[in-house]
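See below for protein-v1.cif, which holds mmCIF, C-alpha atoms.
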```
data_query
#
loop_
_atom_site.label_atom_id
_atom_site.label_comp_id
_atom_site.auth_asym_id
_atom_site.auth_seq_id
_atom_site.Cartn_x
_atom_site.Cartn_y
_atom_site.Cartn_z
CA MET A 1233 -10.59 -19.45 -60.65
CA SER A 1234 -9.00 -19.16 -57.23
CA ALA A 1235 -10.97 -17.90 -54.26
CA LYS A 1236 -10.65 -14.26 -53.32
CA LYS A 1237 -8.01 -13.71 -50.64
CA GLU A 1238 -9.03 -12.04 -47.39
CA ASP A 1239 -7.82 -8.57 -46.55
CA TYR A 1240 -4.69 -8.77 -44.37
CA TYR A 1241 -5.85 -5.99 -42.04
CA GLU A 1242 -9.20 -7.70 -41.52
CA LEU A 1243 -7.50 -11.04 -40.85
CA LEU A 1244 -5.52 -9.49 -37.99
CA GLY A 1245 -8.40 -7.27 -36.86
CA VAL A 1246 -6.46 -3.98 -37.04
CA ALA A 1247 -6.94 -0.65 -38.75
CA LYS A 1248 -4.86 0.28 -41.81
CA GLY A 1249 -2.97 2.83 -39.75
CA ALA A 1250 -1.95 0.31 -37.07
CA ASN A 1251 1.60 0.69 -35.79
CA GLU A 1252 4.18 -2.06 -35.32
CA GLU A 1253 3.22 -2.76 -31.70
CA GLU A 1254 -0.50 -2.96 -32.52
CA LEU A 1255 0.24 -5.40 -35.36
CA LYS A 1256 2.37 -7.59 -33.13
CA LYS A 1257 -0.22 -7.60 -30.35
CA ALA A 1258 -3.01 -8.52 -32.79
CA TYR A 1259 -0.92 -11.31 -34.31
CA ARG A 1260 -0.07 -12.75 -30.89
CA LYS A 1261 -3.77 -13.02 -30.07
CA LYS A 1262 -4.75 -14.61 -33.38
CA ALA A 1263 -1.77 -16.97 -33.45
CA VAL A 1264 -2.56 -18.35 -30.02
CA GLN A 1265 -6.23 -18.71 -30.95
CA TYR A 1266 -5.58 -20.73 -34.09
CA HIS A 1267 -2.32 -22.50 -33.29
CA PRO A 1268 -2.51 -26.25 -34.14
CA ASP A 1269 -1.44 -27.18 -30.59
CA LYS A 1270 -4.65 -25.64 -29.26
CA ASN A 1271 -6.77 -27.03 -32.12
CA PRO A 1272 -5.52 -30.60 -32.77
CA GLY A 1273 -6.97 -32.06 -35.94
CA ASN A 1274 -8.83 -28.83 -36.83
CA LYS A 1275 -7.91 -28.12 -40.45
CA GLU A 1276 -9.83 -24.82 -40.50
CA ALA A 1277 -7.88 -23.51 -37.51
CA GLU A 1278 -4.62 -24.65 -39.12
CA GLU A 1279 -5.52 -22.79 -42.31
CA MET A 1280 -6.40 -19.64 -40.34
CA PHE A 1281 -3.07 -19.91 -38.50
CA LYS A 1282 -1.28 -19.87 -41.86
CA LYS A 1283 -3.38 -16.94 -43.10
CA VAL A 1284 -2.78 -14.69 -40.07
CA SER A 1285 0.93 -15.58 -40.17
CA GLU A 1286 1.02 -14.60 -43.84
CA ALA A 1287 -0.79 -11.34 -43.10
CA TYR A 1288 1.62 -10.44 -40.31
CA GLU A 1289 4.66 -11.36 -42.44
CA VAL A 1290 3.55 -8.78 -45.02
CA LEU A 1291 2.35 -5.98 -42.76
CA LYS A 1292 5.35 -6.03 -40.42
CA ASP A 1293 7.70 -5.38 -43.37
CA PRO A 1294 7.50 -1.66 -44.40
CA GLU A 1295 8.31 -2.40 -48.07
CA LYS A 1296 5.87 -5.28 -48.40
CA ARG A 1297 3.21 -3.31 -46.56
CA ALA A 1298 3.64 -0.31 -48.85
CA ALA A 1299 3.30 -2.57 -51.89
CA TYR A 1300 0.23 -4.26 -50.43
CA ASP A 1301 -1.40 -0.92 -49.54
CA ARG A 1302 -0.90 0.24 -53.12
CA TYR A 1303 -1.63 -2.87 -55.20
CA GLY A 1304 -3.31 -5.27 -52.79
CA HIS A 1305 -2.67 -8.99 -53.27
CA ALA A 1306 -1.66 -8.29 -56.88
CA ALA A 1307 1.64 -6.99 -55.52
CA PHE A 1308 2.66 -10.60 -54.86
CA GLN A 1309 1.57 -12.18 -58.16
CA GLN A 1310 4.24 -13.75 -60.33
CA ALA A 1311 4.85 -12.25 -63.74
CA GLY A 1312 3.15 -15.22 -65.40
CA GLY A 1313 -0.03 -14.57 -63.48
CA GLY A 1314 0.29 -17.42 -61.00
CA PRO A 1315 -0.16 -16.58 -57.35
CA ARG A 1316 2.91 -16.34 -55.17
CA GLY A 1317 2.74 -15.60 -51.50
CA PRO A 1318 4.85 -12.80 -50.03
CA GLY A 1319 8.36 -14.13 -49.64
CA GLY A 1320 7.25 -17.62 -50.70
CA PHE A 1321 3.94 -18.25 -48.88
CA GLY A 1322 2.19 -19.54 -51.98
CA GLY A 1323 4.88 -21.98 -53.01
CA GLY A 1324 6.98 -19.66 -55.15
CA GLY A 1325 9.98 -17.63 -54.07
CA GLY A 1326 12.67 -18.60 -51.63
CA GLY A 1327 11.85 -16.58 -48.54
CA PHE A 1328 9.24 -17.38 -45.89
CA HIS A 1329 8.09 -20.99 -46.17
CA ASP A 1330 6.97 -22.01 -42.70
CA PRO A 1331 4.36 -20.03 -40.70
CA PHE A 1332 5.87 -21.46 -37.50
CA ASP A 1333 9.01 -19.42 -38.17
CA ILE A 1334 7.15 -16.13 -37.88
CA PHE A 1335 5.30 -17.49 -34.82
CA ARG A 1336 8.62 -18.33 -33.15
CA GLU A 1337 9.98 -14.92 -34.09
CA VAL A 1338 7.13 -13.11 -32.36
CA PHE A 1339 6.89 -15.43 -29.34
CA GLY A 1340 10.61 -15.96 -28.84
CA GLN A 1341 10.42 -19.74 -29.26
CA GLN A 1342 13.37 -21.90 -30.17
CA GLY A 1343 13.26 -25.32 -31.76
CA GLY A 1344 11.28 -26.71 -34.64
CA GLY A 1345 7.73 -27.81 -35.26
CA GLY A 1346 4.71 -26.79 -33.27
CA GLY A 1347 5.55 -28.37 -29.92
CA GLY A 1348 3.63 -27.52 -26.78
CA GLY A 1349 6.60 -25.57 -25.37
CA ILE A 1350 5.60 -22.47 -27.31
CA PHE A 1351 2.65 -21.94 -25.02
CA ASP A 1352 4.72 -22.57 -21.90
CA GLU A 1353 7.08 -19.85 -23.02
CA PHE A 1354 4.42 -17.35 -24.08
CA PHE A 1355 2.60 -17.65 -20.75
CA GLY A 1356 5.68 -17.21 -18.61
CA GLY A 1357 7.43 -20.58 -18.55
CA GLY A 1358 10.10 -20.06 -21.19
CA GLY A 1359 13.05 -17.85 -21.99
CA ASN A 1360 13.18 -14.13 -22.50
CA GLY A 1361 12.93 -14.12 -26.30
CA GLY A 1362 14.74 -11.10 -27.61
CA GLY A 1363 16.93 -10.44 -24.59
CA ALA A 1364 14.42 -8.48 -22.52
CA GLY A 1365 12.25 -10.56 -20.20
CA ARG A 1366 9.38 -9.88 -17.81
CA GLY A 1367 10.29 -9.73 -14.15
CA SER A 1368 8.99 -12.28 -11.67
CA ASP A 1369 5.84 -11.70 -9.61
CA LEU A 1370 6.39 -11.43 -5.86
CA ARG A 1371 4.28 -12.34 -2.82
CA TYR A 1372 4.07 -10.40 0.44
CA ASP A 1373 2.09 -11.69 3.43
CA ILE A 1374 0.63 -9.03 5.71
CA GLU A 1375 -1.22 -9.39 9.02
CA ILE A 1376 -3.90 -6.90 10.07
CA SER A 1377 -6.41 -6.63 12.90
CA LEU A 1378 -10.14 -7.32 12.56
CA GLU A 1379 -10.81 -3.60 13.09
CA GLU A 1380 -8.46 -2.74 10.20
CA ALA A 1381 -10.18 -5.34 8.02
CA ALA A 1382 -13.56 -3.77 8.86
CA HIS A 1383 -12.64 -0.14 8.21
CA GLY A 1384 -9.83 -0.49 5.66
CA VAL A 1385 -6.28 0.66 6.27
CA GLU A 1386 -3.19 1.95 4.48
CA LYS A 1387 0.07 0.19 5.32
CA GLU A 1388 3.66 0.89 4.36
CA ILE A 1389 5.47 -2.33 3.55
CA SER A 1390 9.17 -2.95 2.96
CA PHE A 1391 10.63 -5.87 0.99
CA ARG A 1392 13.67 -6.99 -1.00
CA ARG A 1393 13.48 -7.38 -4.76
CA LEU A 1394 15.46 -7.12 -7.98
CA GLY A 1395 14.86 -3.52 -9.00
CA GLU A 1396 15.84 -1.56 -12.08
CA CYS A 1397 19.53 -0.66 -12.20
CA LYS A 1398 19.71 3.13 -11.95
CA HIS A 1399 23.18 3.27 -13.49
CA CYS A 1400 22.03 1.92 -16.86
CA SER A 1401 18.28 2.65 -16.52
CA GLY A 1402 17.61 -1.06 -16.86
CA SER A 1403 19.19 -1.49 -20.30
CA GLY A 1404 22.13 -3.58 -19.09
CA ALA A 1405 24.61 -1.42 -21.02
CA GLU A 1406 27.22 0.94 -19.70
CA PRO A 1407 26.01 4.49 -20.49
CA GLY A 1408 27.24 5.52 -23.94
CA SER A 1409 27.87 1.94 -25.06
CA LYS A 1410 26.60 1.07 -28.54
CA ARG A 1411 24.97 -2.11 -29.77
CA THR A 1412 26.90 -4.36 -32.14
CA THR A 1413 25.94 -7.55 -33.95
CA CYS A 1414 26.44 -10.58 -31.77
CA PRO A 1415 29.57 -12.42 -33.00
CA THR A 1416 28.32 -15.78 -31.72
CA CYS A 1417 25.06 -15.99 -33.69
CA ARG A 1418 25.86 -13.20 -36.24
CA GLY A 1419 22.59 -11.45 -35.46
CA ALA A 1420 20.30 -14.47 -35.76
CA GLY A 1421 19.58 -14.72 -32.05
CA GLN A 1422 19.92 -18.50 -32.30
CA VAL A 1423 22.73 -20.98 -32.66
CA THR A 1424 22.66 -24.47 -34.13
CA THR A 1425 24.53 -27.33 -32.55
CA SER A 1426 25.03 -30.81 -33.99
CA ARG A 1427 24.29 -33.87 -31.91
CA GLY A 1428 25.04 -36.86 -34.07
CA PHE A 1429 22.51 -36.90 -36.88
CA PHE A 1430 20.44 -34.16 -35.26
CA HIS A 1431 20.78 -30.39 -35.50
CA VAL A 1432 19.37 -28.46 -32.55
CA ARG A 1433 18.55 -24.76 -32.56
CA GLN A 1434 18.63 -22.86 -29.28
CA VAL A 1435 18.76 -19.30 -27.98
CA CYS A 1436 22.16 -17.74 -28.39
CA PRO A 1437 23.89 -17.85 -24.98
CA SER A 1438 25.83 -14.67 -25.69
CA CYS A 1439 23.00 -12.28 -26.61
CA HIS A 1440 20.10 -14.25 -25.09
CA GLY A 1441 18.24 -14.19 -28.40
CA SER A 1442 18.42 -10.48 -29.19
CA GLY A 1443 20.94 -10.85 -32.01
CA SER A 1444 23.07 -7.99 -30.73
CA ARG A 1445 25.26 -7.09 -27.79
CA PHE A 1446 26.41 -3.94 -26.13
CA GLU A 1447 30.04 -3.02 -26.57
CA LYS A 1448 30.32 -2.69 -22.81
CA VAL A 1449 27.92 -4.13 -20.23
CA CYS A 1450 26.87 -2.14 -17.18
CA ALA A 1451 29.43 -2.35 -14.39
CA LYS A 1452 26.75 -2.16 -11.70
CA CYS A 1453 24.41 -4.96 -12.83
CA SER A 1454 26.74 -7.00 -15.10
CA GLY A 1455 24.40 -6.49 -18.04
CA GLU A 1456 21.22 -7.81 -16.43
CA GLY A 1457 19.62 -4.39 -16.03
CA ARG A 1458 18.58 -4.93 -12.40
CA VAL A 1459 20.09 -5.10 -8.92
CA GLN A 1460 18.99 -6.20 -5.45
CA GLU A 1461 17.29 -3.42 -3.48
CA THR A 1462 15.04 -2.79 -0.52
CA THR A 1463 11.92 -0.87 -1.48
CA LYS A 1464 8.96 0.58 0.42
CA ILE A 1465 5.47 1.12 -0.95
CA ASN A 1466 2.11 2.12 0.53
CA VAL A 1467 -0.65 -0.45 0.19
CA ARG A 1468 -4.32 0.46 0.52
CA ILE A 1469 -6.26 -2.45 2.03
CA PRO A 1470 -10.01 -2.06 1.37
CA PRO A 1471 -12.73 -2.70 3.97
CA GLY A 1472 -14.10 -6.24 4.03
CA VAL A 1473 -10.94 -8.22 3.31
CA ASP A 1474 -10.59 -11.62 4.95
CA THR A 1475 -7.76 -14.06 5.50
CA GLY A 1476 -6.60 -15.24 2.08
CA SER A 1477 -7.67 -12.09 0.21
CA LYS A 1478 -5.12 -11.14 -2.47
CA LEU A 1479 -4.34 -7.62 -3.61
CA ARG A 1480 -2.30 -6.93 -6.76
CA SER A 1481 0.14 -4.03 -6.95
CA SER A 1482 0.89 -3.72 -10.65
CA GLY A 1483 4.54 -3.29 -11.62
CA ASN A 1484 5.89 -3.60 -8.09
CA GLY A 1485 7.33 -7.08 -8.53
CA GLU A 1486 10.86 -7.69 -9.79
CA ALA A 1487 12.19 -5.51 -12.60
CA GLY A 1488 12.39 -7.08 -16.04
CA VAL A 1489 15.65 -8.35 -17.51
CA MET A 1490 17.41 -5.81 -19.75
CA GLY A 1491 14.55 -3.31 -19.62
CA GLY A 1492 11.73 -5.85 -19.83
CA GLU A 1493 8.33 -5.38 -18.21
CA ALA A 1494 8.27 -5.48 -14.41
CA GLY A 1495 6.36 -8.21 -12.59
CA ASP A 1496 3.54 -7.59 -10.11
CA LEU A 1497 3.43 -7.74 -6.33
CA TYR A 1498 0.67 -9.83 -4.73
CA ILE A 1499 -0.21 -8.94 -1.15
CA VAL A 1500 -1.86 -11.83 0.75
CA VAL A 1501 -3.91 -10.68 3.75
CA HIS A 1502 -4.10 -12.48 7.10
CA VAL A 1503 -6.63 -11.20 9.67
CA LYS A 1504 -5.68 -11.82 13.30
CA GLU A 1505 -8.09 -13.57 15.63
CA HIS A 1506 -10.07 -11.19 17.82
CA GLU A 1507 -10.51 -11.62 21.57
CA VAL A 1508 -14.21 -10.65 21.47
CA PHE A 1509 -15.54 -11.33 17.96
CA GLU A 1510 -15.48 -14.46 15.85
CA ARG A 1511 -15.88 -13.90 12.13
CA GLN A 1512 -17.90 -16.16 9.84
CA GLY A 1513 -18.05 -14.64 6.37
CA ASP A 1514 -19.48 -11.14 6.78
CA ASP A 1515 -21.18 -11.97 10.11
CA LEU A 1516 -19.65 -11.54 13.56
CA PHE A 1517 -20.39 -13.71 16.60
CA THR A 1518 -19.83 -12.86 20.23
CA GLU A 1519 -20.87 -14.34 23.59
CA ILE A 1520 -21.92 -12.09 26.47
CA PRO A 1521 -22.69 -13.07 30.09
CA ILE A 1522 -25.78 -11.53 31.69
CA LYS A 1523 -27.00 -11.52 35.29
CA PHE A 1524 -29.58 -14.03 36.48
CA THR A 1525 -31.84 -11.19 37.56
CA LEU A 1526 -31.62 -9.47 34.15
CA ALA A 1527 -32.50 -12.70 32.35
CA THR A 1528 -35.45 -13.17 34.69
CA LEU A 1529 -36.83 -9.64 34.86
CA GLY A 1530 -35.67 -8.30 31.48
CA GLY A 1531 -33.98 -5.01 30.69
CA THR A 1532 -31.32 -3.49 28.40
CA ILE A 1533 -27.53 -3.79 28.22
CA GLN A 1534 -24.72 -2.11 26.29
CA VAL A 1535 -22.86 -4.49 23.97
CA PRO A 1536 -19.63 -3.92 21.98
CA THR A 1537 -19.65 -3.70 18.18
CA LEU A 1538 -16.96 -2.75 15.67
CA GLN A 1539 -18.80 0.55 15.21
CA GLY A 1540 -18.93 1.32 18.96
CA LYS A 1541 -21.43 0.42 21.69
CA ALA A 1542 -24.99 -0.61 20.91
CA THR A 1543 -28.07 -1.13 23.12
CA LEU A 1544 -29.52 -4.64 23.26
CA LYS A 1545 -32.94 -5.36 24.75
CA ILE A 1546 -33.18 -8.51 26.88
CA PRO A 1547 -36.77 -9.77 27.21
CA ALA A 1548 -37.95 -11.09 30.59
CA GLY A 1549 -37.43 -14.83 30.91
CA THR A 1550 -34.48 -15.01 28.50
CA GLN A 1551 -32.84 -18.45 28.59
CA SER A 1552 -29.12 -19.09 28.59
CA GLY A 1553 -27.88 -19.67 25.01
CA THR A 1554 -30.44 -17.36 23.39
CA THR A 1555 -29.01 -15.60 20.32
CA PHE A 1556 -29.89 -12.03 19.32
CA ARG A 1557 -29.16 -10.37 15.96
CA LEU A 1558 -27.96 -6.81 15.42
CA LYS A 1559 -28.73 -6.08 11.76
CA GLY A 1560 -25.91 -4.52 9.72
CA ARG A 1561 -23.37 -4.48 12.58
CA GLY A 1562 -21.11 -7.12 11.04
CA MET A 1563 -18.29 -6.82 8.46
CA PRO A 1564 -18.69 -4.80 5.26
CA HIS A 1565 -18.95 -6.75 2.05
CA LEU A 1566 -15.65 -6.57 0.13
CA ARG A 1567 -17.35 -5.22 -2.99
CA GLY A 1568 -19.29 -2.66 -0.96
CA GLY A 1569 -22.97 -1.90 -0.62
CA SER A 1570 -23.86 -4.05 2.38
CA HIS A 1571 -22.82 -5.29 5.81
CA GLY A 1572 -23.20 -8.59 7.59
CA ASP A 1573 -24.92 -8.91 10.99
CA GLN A 1574 -23.65 -9.28 14.53
CA LEU A 1575 -25.00 -12.29 16.40
CA ILE A 1576 -24.90 -12.16 20.19
CA ARG A 1577 -25.34 -15.31 22.27
CA VAL A 1578 -26.10 -14.66 25.96
CA HIS A 1579 -25.17 -16.89 28.86
CA VAL A 1580 -26.92 -16.50 32.17
CA GLU A 1581 -24.47 -16.24 35.04
CA VAL A 1582 -25.38 -18.27 38.14
CA PRO A 1583 -24.28 -16.65 41.43
CA THR A 1584 -21.55 -18.66 43.14
CA ALA A 1585 -21.22 -16.73 46.41
CA LEU A 1586 -24.32 -15.61 48.29
CA SER A 1587 -24.71 -13.71 51.50
CA THR A 1588 -27.00 -15.11 54.20
CA GLU A 1589 -29.67 -12.57 53.29
CA GLN A 1590 -29.44 -13.33 49.55
CA ARG A 1591 -29.61 -17.07 50.15
CA LYS A 1592 -32.69 -16.66 52.38
CA LYS A 1593 -34.48 -14.62 49.74
CA LEU A 1594 -33.65 -17.11 46.99
CA GLU A 1595 -34.95 -19.97 49.14
CA ASP A 1596 -38.16 -18.04 49.69
CA PHE A 1597 -38.35 -17.44 45.90
CA ALA A 1598 -37.80 -21.13 45.19
CA GLN A 1599 -40.48 -22.06 47.70
CA ALA A 1600 -42.94 -19.64 46.12
CA CYS A 1601 -42.23 -21.11 42.66
CA GLY A 1602 -42.48 -24.69 43.87
CA ASP A 1603 -38.89 -25.32 42.83
CA ALA A 1604 -38.03 -26.73 46.25
CA ASP A 1605 -40.37 -29.70 45.62
CA GLU A 1606 -39.70 -30.20 41.87
CA PRO A 1607 -36.32 -28.70 40.94
CA VAL A 1608 -36.47 -30.23 37.43
CA SER A 1609 -39.08 -29.15 34.88
CA LYS A 1610 -42.04 -31.50 34.38
CA SER A 1611 -41.59 -31.26 30.61
CA PHE A 1612 -38.17 -32.89 30.91
CA PHE A 1613 -39.60 -35.87 32.78
CA GLU A 1614 -42.32 -36.27 30.17
CA LYS A 1615 -39.66 -36.48 27.42
CA ALA A 1616 -37.44 -38.79 29.46
CA LYS A 1617 -40.15 -41.42 30.21
CA LYS A 1618 -39.37 -43.40 27.06
CA PHE A 1619 -35.87 -44.14 28.35
CA PHE A 1620 -37.15 -45.88 31.52
#
```

Can the structure from this file be put into structure tokens for me?
Amino acid sequence: MSAKKEDYYELLGVAKGANEEELKKAYRKKAVQYHPDKNPGNKEAEEMFKKVSEAYEVLKDPEKRAAYDRYGHAAFQQAGGGPRGPGGFGGGGGGFHDPFDIFREVFGQQGGGGGGGIFDEFFGGGGNGGGAGRGSDLRYDIEISLEEAAHGVEKEISFRRLGECKHCSGSGAEPGSKRTTCPTCRGAGQVTTSRGFFHVRQVCPSCHGSGSRFEKVCAKCSGEGRVQETTKINVRIPPGVDTGSKLRSSGNGEAGVMGGEAGDLYIVVHVKEHEVFERQGDDLFTEIPIKFTLATLGGTIQVPTLQGKATLKIPAGTQSGTTFRLKGRGMPHLRGGSHGDQLIRVHVEVPTALSTEQRKKLEDFAQACGDADEPVSKSFFEKAKKFF
């Protein structure tokens, strides 16, 4: 007794009311998952590939699907009781013999066998299958200021691309023109050429694999369905972006061939260097000079931040090179919810021009501190002894 066959709908993972597009999408996913090229030597995966191909072959055909919905797998039994797959899957009949044929039909692949090129084509490296093809993705580099990166900004950008032909609405046909069977491939979408002992199948050069042609191609785009154009779009750049951040604008790449899906536009951000702040991740660094007297006596100063001025307390006796931290005054995190810090390094300015009175007072100060006798700290000499 033969094993019970799985339900075709369950094999593809779709509901019984699934439409043609849902069936095709489900089959694409399953076929890629179980294709022998992705599972070399895996007999179970190979068997599943055949099963999902068989299920799709039945359910995509309205007549076969109606028979299956009514009688189940019994609809494809031979009169003598022996099993026969739909259209020849089980070894009987003269229709569908090779599951790779249905795979190539769905994925637009030419050529025989299960070569690795099928995956190149499915993921964007191959031809356009049935005539229509996805448009190319585009890249646009944009430069913004650090302030714009911190607060977010909306920019209007202008660029050249292949856009949808308005004359034919992207179809590639002159308005009113009807489709006819391609005379080159007679509707097959493929042509076979002989090269010595070999026969090679390839996409029909006349209809690009669709199997049909328009009586009259569009005069504006020569049948491609797209033309060169300059377009403008508004791009919202979120707070927290950094140099190298990429933003995707869906559908704003090049238009698809003959009504195919449009590509995407990728905006690559470049943040200009700032004259005051240096960015490191979400933190900002800046160096500020302070007076000798302020470093000695202590006090407060106003410092710049990207959010405006802030007050910074300088303790008495602050040394040159001391770094202070302003919590939360750095860049916002790209995914929101937090900010980096602002780190401020102070440098004590030494007076270079003194009046006679100022010099006299500093000399008196040095004398009072004992600096006139020992201008270098004792601690330094203690550390330096080992070098002498």

Next on the checklist: Selection in question (the file shown): the PyMOL selection byres ((chain A and resi 1420) around 9). Which residues does it include, as a PyMOL selection string?
Outcome noted: chain A and resi 1414+1417-1419+1421-1423+1436+1441-1444

Next on the checklist: Can you spell out as JSON, numbers by chain the set of residues that the PyMOL selection byres ((chain A and resi 1527) around 7) selects in the structure I just provided?
Outcome noted: {"A": [1522, 1523, 1524, 1525, 1526, 1528, 1529, 1530, 1546, 1548, 1549, 1550, 1551, 1580]}

Checklist entry - Just so the selection is clear, what residues does the PyMOL selection byres ((chain A and resi 1475-1487) around 6) cover here, as a list of chain:residue names? => result A:Gly1367, A:Ser1368, A:Asp1369, A:Leu1370, A:Arg1393, A:Leu1394, A:Gly1395, A:Glu1396, A:Val1473, A:Asp1474, A:Gly1488, A:Ala1494, A:Gly1495, A:Asp1496, A:Leu1497, A:Tyr1498, A:Ile1499, A:Val1500, A:Val1501, A:His1502, A:Val1503

Checklist entry - Which residues come within 10 Å of Val1535 of chain A, counting only C-alpha atoms, excluding same-chain residues fewer than 6 positions away, as an MDAnalysis selection string? => result chainID A and resid 1518 1520 1541:1544 1576

Checklist entry - Can you tell me how far atom CA of His1267 of chain A sits from atom CA of Phe1281 of chain A, in Å to one decimal? => result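 Between atom CA of His1267 of chain A and atom CA of Phe1281 of chain A the gap works out to 5.9 Å.
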
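Close contacts of Gly1384 of chain A, defined as residues with an atom at most 6 Å away when counting all atoms listed in the file, with chain neighbours fewer than 4 positions off set aside, comprise Glu1380, Ile1469, Pro1470 and Pro1471 of chain A.
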
Checklist entry - atom CA of Asp1373 of chain A to atom CA of Glu1456 of chain A: how many Å, to one decimal? => result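 Taking atom CA of Asp1373 of chain A and atom CA of Glu1456 of chain A, their separation equals 27.8 Å.
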
Next on the checklist: I'd like the contact shell of Thr1424 of chain A - 9 Å cut-off, all atoms listed in the file, skipping same-chain residues fewer than 5 positions apart - returned as a list in words.
Outcome noted: Cys1417, His1431, Val1432, Arg1433, Gln1434, Val1435 and Cys1436 of chain A
